[in-house]
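This is query_39.pdb (PDB, C-alpha atoms).
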ATOM      1  CA  MET D   1       8.522   1.535 -16.970
ATOM      2  CA  VAL D   2       9.362   3.537 -13.897
ATOM      3  CA  LEU D   3       6.848   3.945 -11.110
ATOM      4  CA  LEU D   4       7.490   6.307  -8.242
ATOM      5  CA  TYR D   5       5.535   6.553  -5.022
ATOM      6  CA  VAL D   6       6.298   9.858  -3.336
ATOM      7  CA  LEU D   7       5.555  10.599   0.288
ATOM      8  CA  PRO D   8       5.222  14.169   1.507
ATOM      9  CA  ALA D   9       8.669  15.700   1.679
ATOM     10  CA  GLN D  10       7.968  17.480   4.913
ATOM     11  CA  VAL D  11       5.569  16.566   7.672
ATOM     12  CA  PRO D  12       4.405  19.595   9.604
ATOM     13  CA  ARG D  13       5.456  19.568  13.232
ATOM     14  CA  ASP D  14       2.105  20.843  14.317
ATOM     15  CA  ALA D  15      -0.995  19.615  12.491
ATOM     16  CA  ARG D  16      -2.766  22.829  13.384
ATOM     17  CA  ALA D  17      -0.382  24.600  11.009
ATOM     18  CA  TRP D  18      -2.258  23.046   8.101
ATOM     19  CA  PHE D  19      -5.379  24.919   9.121
ATOM     20  CA  ALA D  20      -3.784  28.106  10.382
ATOM     21  CA  ARG D  21      -4.551  31.358   8.635
ATOM     22  CA  ARG D  22      -1.661  33.758   8.611
ATOM     23  CA  SER D  23      -1.653  37.275   7.249
ATOM     24  CA  GLY D  24      -5.090  36.806   5.758
ATOM     25  CA  GLU D  25      -4.070  33.901   3.507
ATOM     26  CA  PRO D  26      -6.570  31.061   3.209
ATOM     27  CA  ALA D  27      -5.627  27.780   4.846
ATOM     28  CA  ALA D  28      -4.001  25.197   2.592
ATOM     29  CA  ILE D  29      -6.776  22.764   3.404
ATOM     30  CA  GLU D  30      -9.987  23.271   5.281
ATOM     31  CA  PRO D  31     -11.037  20.729   7.920
ATOM     32  CA  GLY D  32     -14.066  19.791   5.816
ATOM     33  CA  GLN D  33     -11.776  18.746   2.962
ATOM     34  CA  LEU D  34      -9.857  16.133   4.948
ATOM     35  CA  SER D  35     -12.133  13.269   3.923
ATOM     36  CA  GLN D  36     -11.669  14.205   0.279
ATOM     37  CA  LEU D  37      -7.916  14.314   0.800
ATOM     38  CA  ILE D  38      -7.958  10.836   2.330
ATOM     39  CA  VAL D  39      -9.999   9.496  -0.600
ATOM     40  CA  ILE D  40      -7.595  11.028  -3.132
ATOM     41  CA  TYR D  41      -4.577   9.657  -1.255
ATOM     42  CA  GLY D  42      -6.238   6.243  -1.000
ATOM     43  CA  ILE D  43      -6.976   6.115  -4.725
ATOM     44  CA  GLY D  44      -3.328   6.814  -5.510
ATOM     45  CA  TYR D  45      -2.181   4.283  -2.926
ATOM     46  CA  VAL D  46      -4.455   1.576  -4.329
ATOM     47  CA  ALA D  47      -3.427   2.382  -7.911
ATOM     48  CA  VAL D  48       0.267   1.967  -7.114
ATOM     49  CA  PHE D  49      -0.229  -1.478  -5.591
ATOM     50  CA  ILE D  50      -2.524  -2.570  -8.412
ATOM     51  CA  VAL D  51       0.267  -1.752 -10.848
ATOM     52  CA  PHE D  52       2.762  -3.702  -8.720
ATOM     53  CA  SER D  53       0.396  -6.687  -8.643
ATOM     54  CA  LEU D  54      -0.064  -6.563 -12.401
ATOM     55  CA  MET D  55       3.700  -6.582 -12.913
ATOM     56  CA  TYR D  56       4.059  -9.708 -10.753
ATOM     57  CA  LEU D  57       1.132 -11.357 -12.555
ATOM     58  CA  TYR D  58       2.839 -10.636 -15.855
ATOM     59  CA  ALA D  59       6.041 -12.228 -14.568
ATOM     60  CA  LEU D  60       4.080 -15.293 -13.449
ATOM     61  CA  ARG D  61       2.517 -15.641 -16.894
ATOM     62  CA  ARG D  62       5.998 -15.465 -18.433
ATOM     63  CA  ARG D  63       7.537 -17.868 -15.895
ATOM     64  CA  HIS D  64       8.775 -20.301 -18.551
ATOM     65  CA  VAL D  65      10.508 -17.580 -20.544
ATOM     66  CA  LEU D  66      11.976 -16.125 -17.353
ATOM     67  CA  ARG D  67      12.930 -19.619 -16.099
ATOM     68  CA  LEU D  68      11.592 -18.972 -12.626
ATOM     69  CA  THR D  69      12.387 -21.518  -9.942
ATOM     70  CA  ARG D  70       9.858 -22.799  -7.417
ATOM     71  CA  VAL D  71      11.179 -20.288  -4.890
ATOM     72  CA  ASP D  72      10.915 -17.467  -7.456
ATOM     73  CA  LEU D  73       7.314 -18.442  -8.147
ATOM     74  CA  TYR D  74       6.580 -18.512  -4.440
ATOM     75  CA  ASP D  75       8.161 -15.072  -3.955
ATOM     76  CA  ALA D  76       6.080 -13.636  -6.799
ATOM     77  CA  ARG D  77       2.898 -15.059  -5.309
ATOM     78  CA  TYR D  78       3.898 -13.742  -1.877
ATOM     79  CA  ALA D  79       4.416 -10.265  -3.361
ATOM     80  CA  ILE D  80       0.985 -10.383  -5.005
ATOM     81  CA  GLU D  81      -0.600 -11.387  -1.686
ATOM     82  CA  ALA D  82       1.231  -8.557   0.099
ATOM     83  CA  ASN D  83       0.033  -6.106  -2.542
ATOM     84  CA  VAL D  84      -3.538  -7.347  -2.133
ATOM     85  CA  ILE D  85      -3.239  -6.630   1.613
ATOM     86  CA  ASN D  86      -2.083  -3.107   0.764
ATOM     87  CA  ILE D  87      -4.912  -2.667  -1.747
ATOM     88  CA  GLY D  88      -7.487  -3.880   0.778
ATOM     89  CA  THR D  89      -6.174  -1.499   3.402
ATOM     90  CA  GLY D  90      -6.345   1.422   1.001
ATOM     91  CA  LEU D  91      -9.883   0.484  -0.021
ATOM     92  CA  GLY D  92     -10.857   0.198   3.658
ATOM     93  CA  SER D  93      -9.582   3.703   4.331
ATOM     94  CA  ILE D  94     -11.415   5.057   1.278
ATOM     95  CA  LEU D  95     -14.616   3.331   2.365
ATOM     96  CA  LEU D  96     -14.366   4.759   5.881
ATOM     97  CA  ALA D  97     -13.838   8.259   4.497
ATOM     98  CA  LEU D  98     -16.769   7.935   2.085
ATOM     99  CA  LEU D  99     -19.057   6.598   4.814
ATOM    100  CA  GLY D 100     -18.365   9.669   6.922
ATOM    101  CA  ALA D 101     -15.979   8.275   9.524
ATOM    102  CA  PRO D 102     -13.847  10.959  11.178
ATOM    103  CA  PRO D 103     -10.837  11.651   8.927
ATOM    104  CA  VAL D 104      -8.444  10.644  11.681
ATOM    105  CA  ILE D 105      -9.996   7.148  11.779
ATOM    106  CA  ALA D 106      -9.881   6.769   7.991
ATOM    107  CA  GLY D 107      -6.277   7.986   7.957
ATOM    108  CA  PHE D 108      -5.071   5.863  10.822
ATOM    109  CA  PHE D 109      -6.711   2.804   9.245
ATOM    110  CA  TYR D 110      -3.386   2.303   7.450
ATOM    111  CA  LEU D 111      -1.943   1.236  10.812
ATOM    112  CA  VAL D 112      -3.572  -2.175  10.333
ATOM    113  CA  LEU D 113      -0.902  -2.806   7.692
ATOM    114  CA  GLY D 114       1.706  -3.510  10.362
ATOM    115  CA  PRO D 115      -0.037  -6.443  12.029
ATOM    116  CA  LEU D 116      -1.491  -7.811   8.779
ATOM    117  CA  ARG D 117       1.815  -7.777   6.946
ATOM    118  CA  ALA D 118       3.653  -9.176   9.981
ATOM    119  CA  VAL D 119       1.332 -12.183  10.191
ATOM    120  CA  HIS D 120       1.456 -12.659   6.430
ATOM    121  CA  GLY D 121       5.257 -12.419   6.394
ATOM    122  CA  ALA D 122       5.694 -14.865   9.286
ATOM    123  CA  ARG D 123       3.411 -17.489   7.732
ATOM    124  CA  SER D 124       4.919 -17.070   4.292
ATOM    125  CA  GLY D 125       8.456 -17.178   5.644
ATOM    126  CA  ARG D 126       7.868 -20.606   7.177
ATOM    127  CA  ARG D 127       6.480 -21.932   3.896
ATOM    128  CA  ARG D 128       9.345 -20.445   1.914
ATOM    129  CA  ARG D 129      11.968 -22.040   4.162
ATOM    130  CA  GLY D 130      10.241 -25.378   3.543
ATOM    131  CA  LEU D 131      10.562 -24.831  -0.204
ATOM    132  CA  GLU D 132      14.242 -23.933   0.111
ATOM    133  CA  ARG D 133      14.955 -27.159   2.024
ATOM    134  CA  GLY D 134      12.917 -29.433  -0.216
TER     135      GLY D 134
END

Structure encoded using structure tokens:
Amino acid sequence: MVLLYVLPAQVPRDARAWFARRSGEPAAIEPGQLSQLIVIYGIGYVAVFIVFSLMYLYALRRRHVLRLTRVDLYDARYAIEANVINIGTGLGSILLALLGAPPVIAGFFYLVLGPLRAVHGARSGRRRRGLERG
């Protein structure tokens, strides 16, 4: 199975360009549609990380066949936890958009990923080093 997560190929230099009307053409997206766009993006984002989590869960269930070491098991569990953080962030953004928060707030909610994943990575890294030594 191949799973691709594609980001926009080009980010407009000026966000106003998304709403601009040139030569009578309708705008690509109307300001009132931004919340819907954030919900659609969030659903795709959450779906991708659910699939990743399911793949790691499958590997954990097959750990004896795969002959996973203690460190391998730990890494798989760490990846599932990281994916759950991503899923929660996506769901938070969707919830904000559905509750009527300004689209910029719902969109920028993904910025919480940095601090959350940094704390998670630091804590998990210490535990993993302990497993490698022992």

Residues selected by the PyMOL selection byres ((chain D and resi 104-113) around 12), written as a VMD selection string: chain D and resid 15 31 34 to 42 45 to 46 82 to 103 114 to 121

Please produce a file of those selected residues containing C-alpha atoms, as a PDB file, in the coordinates of the input.
ATOM      1  CA  ALA D  15      -0.995  19.615  12.491  1.00  0.00           C
ATOM      2  CA  PRO D  31     -11.037  20.729   7.920  1.00  0.00           C
ATOM      3  CA  LEU D  34      -9.857  16.133   4.948  1.00  0.00           C
ATOM      4  CA  SER D  35     -12.133  13.269   3.923  1.00  0.00           C
ATOM      5  CA  GLN D  36     -11.669  14.205   0.279  1.00  0.00           C
ATOM      6  CA  LEU D  37      -7.916  14.314   0.800  1.00  0.00           C
ATOM      7  CA  ILE D  38      -7.958  10.836   2.330  1.00  0.00           C
ATOM      8  CA  VAL D  39      -9.999   9.496  -0.600  1.00  0.00           C
ATOM      9  CA  ILE D  40      -7.595  11.028  -3.132  1.00  0.00           C
ATOM     10  CA  TYR D  41      -4.577   9.657  -1.255  1.00  0.00           C
ATOM     11  CA  GLY D  42      -6.238   6.243  -1.000  1.00  0.00           C
ATOM     12  CA  TYR D  45      -2.181   4.283  -2.926  1.00  0.00           C
ATOM     13  CA  VAL D  46      -4.455   1.576  -4.329  1.00  0.00           C
ATOM     14  CA  ALA D  82       1.231  -8.557   0.099  1.00  0.00           C
ATOM     15  CA  ASN D  83       0.033  -6.106  -2.542  1.00  0.00           C
ATOM     16  CA  VAL D  84      -3.538  -7.347  -2.133  1.00  0.00           C
ATOM     17  CA  ILE D  85      -3.239  -6.630   1.613  1.00  0.00           C
ATOM     18  CA  ASN D  86      -2.083  -3.107   0.764  1.00  0.00           C
ATOM     19  CA  ILE D  87      -4.912  -2.667  -1.747  1.00  0.00           C
ATOM     20  CA  GLY D  88      -7.487  -3.880   0.778  1.00  0.00           C
ATOM     21  CA  THR D  89      -6.174  -1.499   3.402  1.00  0.00           C
ATOM     22  CA  GLY D  90      -6.345   1.422   1.001  1.00  0.00           C
ATOM     23  CA  LEU D  91      -9.883   0.484  -0.021  1.00  0.00           C
ATOM     24  CA  GLY D  92     -10.857   0.198   3.658  1.00  0.00           C
ATOM     25  CA  SER D  93      -9.582   3.703   4.331  1.00  0.00           C
ATOM     26  CA  ILE D  94     -11.415   5.057   1.278  1.00  0.00           C
ATOM     27  CA  LEU D  95     -14.616   3.331   2.365  1.00  0.00           C
ATOM     28  CA  LEU D  96     -14.366   4.759   5.881  1.00  0.00           C
ATOM     29  CA  ALA D  97     -13.838   8.259   4.497  1.00  0.00           C
ATOM     30  CA  LEU D  98     -16.769   7.935   2.085  1.00  0.00           C
ATOM     31  CA  LEU D  99     -19.057   6.598   4.814  1.00  0.00           C
ATOM     32  CA  GLY D 100     -18.365   9.669   6.922  1.00  0.00           C
ATOM     33  CA  ALA D 101     -15.979   8.275   9.524  1.00  0.00           C
ATOM     34  CA  PRO D 102     -13.847  10.959  11.178  1.00  0.00           C
ATOM     35  CA  PRO D 103     -10.837  11.651   8.927  1.00  0.00           C
ATOM     36  CA  GLY D 114       1.706  -3.510  10.362  1.00  0.00           C
ATOM     37  CA  PRO D 115      -0.037  -6.443  12.029  1.00  0.00           C
ATOM     38  CA  LEU D 116      -1.491  -7.811   8.779  1.00  0.00           C
ATOM     39  CA  ARG D 117       1.815  -7.777   6.946  1.00  0.00           C
ATOM     40  CA  ALA D 118       3.653  -9.176   9.981  1.00  0.00           C
ATOM     41  CA  VAL D 119       1.332 -12.183  10.191  1.00  0.00           C
ATOM     42  CA  HIS D 120       1.456 -12.659   6.430  1.00  0.00           C
ATOM     43  CA  GLY D 121       5.257 -12.419   6.394  1.00  0.00           C
TER      44      GLY D 121
END

Please write as an MDAnalysis selection string the full residue list that the PyMOL selection byres ((chain D and resi 53) around 8) yields on this file. chainID D and resid 49:52 54:57 79:80 83:84

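Straight-line separation from CA of Arg127 in chain D to CA of Val48 in chain D: 27.0 Å.
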
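Straight-line separation from CA of Arg63 in chain D to CA of Ala122 in chain D: 25.4 Å.
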
How would you write, as JSON, numbers by chain, the residues chosen by the PyMOL selection byres ((chain D and resi 75) around 12) on this structure? {"D": [56, 57, 59, 60, 68, 69, 70, 71, 72, 73, 74, 76, 77, 78, 79, 80, 81, 82, 121, 124, 125, 127, 128, 129, 131, 132]}

Let me know the centre plus edge lengths, in Å and rounded to one decimal, of a box with edges along x, y and z that contains all listed atoms of range 72-77 of chain D and is padded by 6 Å on every side, as AutoDock Vina command-line options.
--center_x 6.9 --center_y -16.1 --center_z -6.1 --size_x 20.0 --size_y 16.9 --size_z 16.2
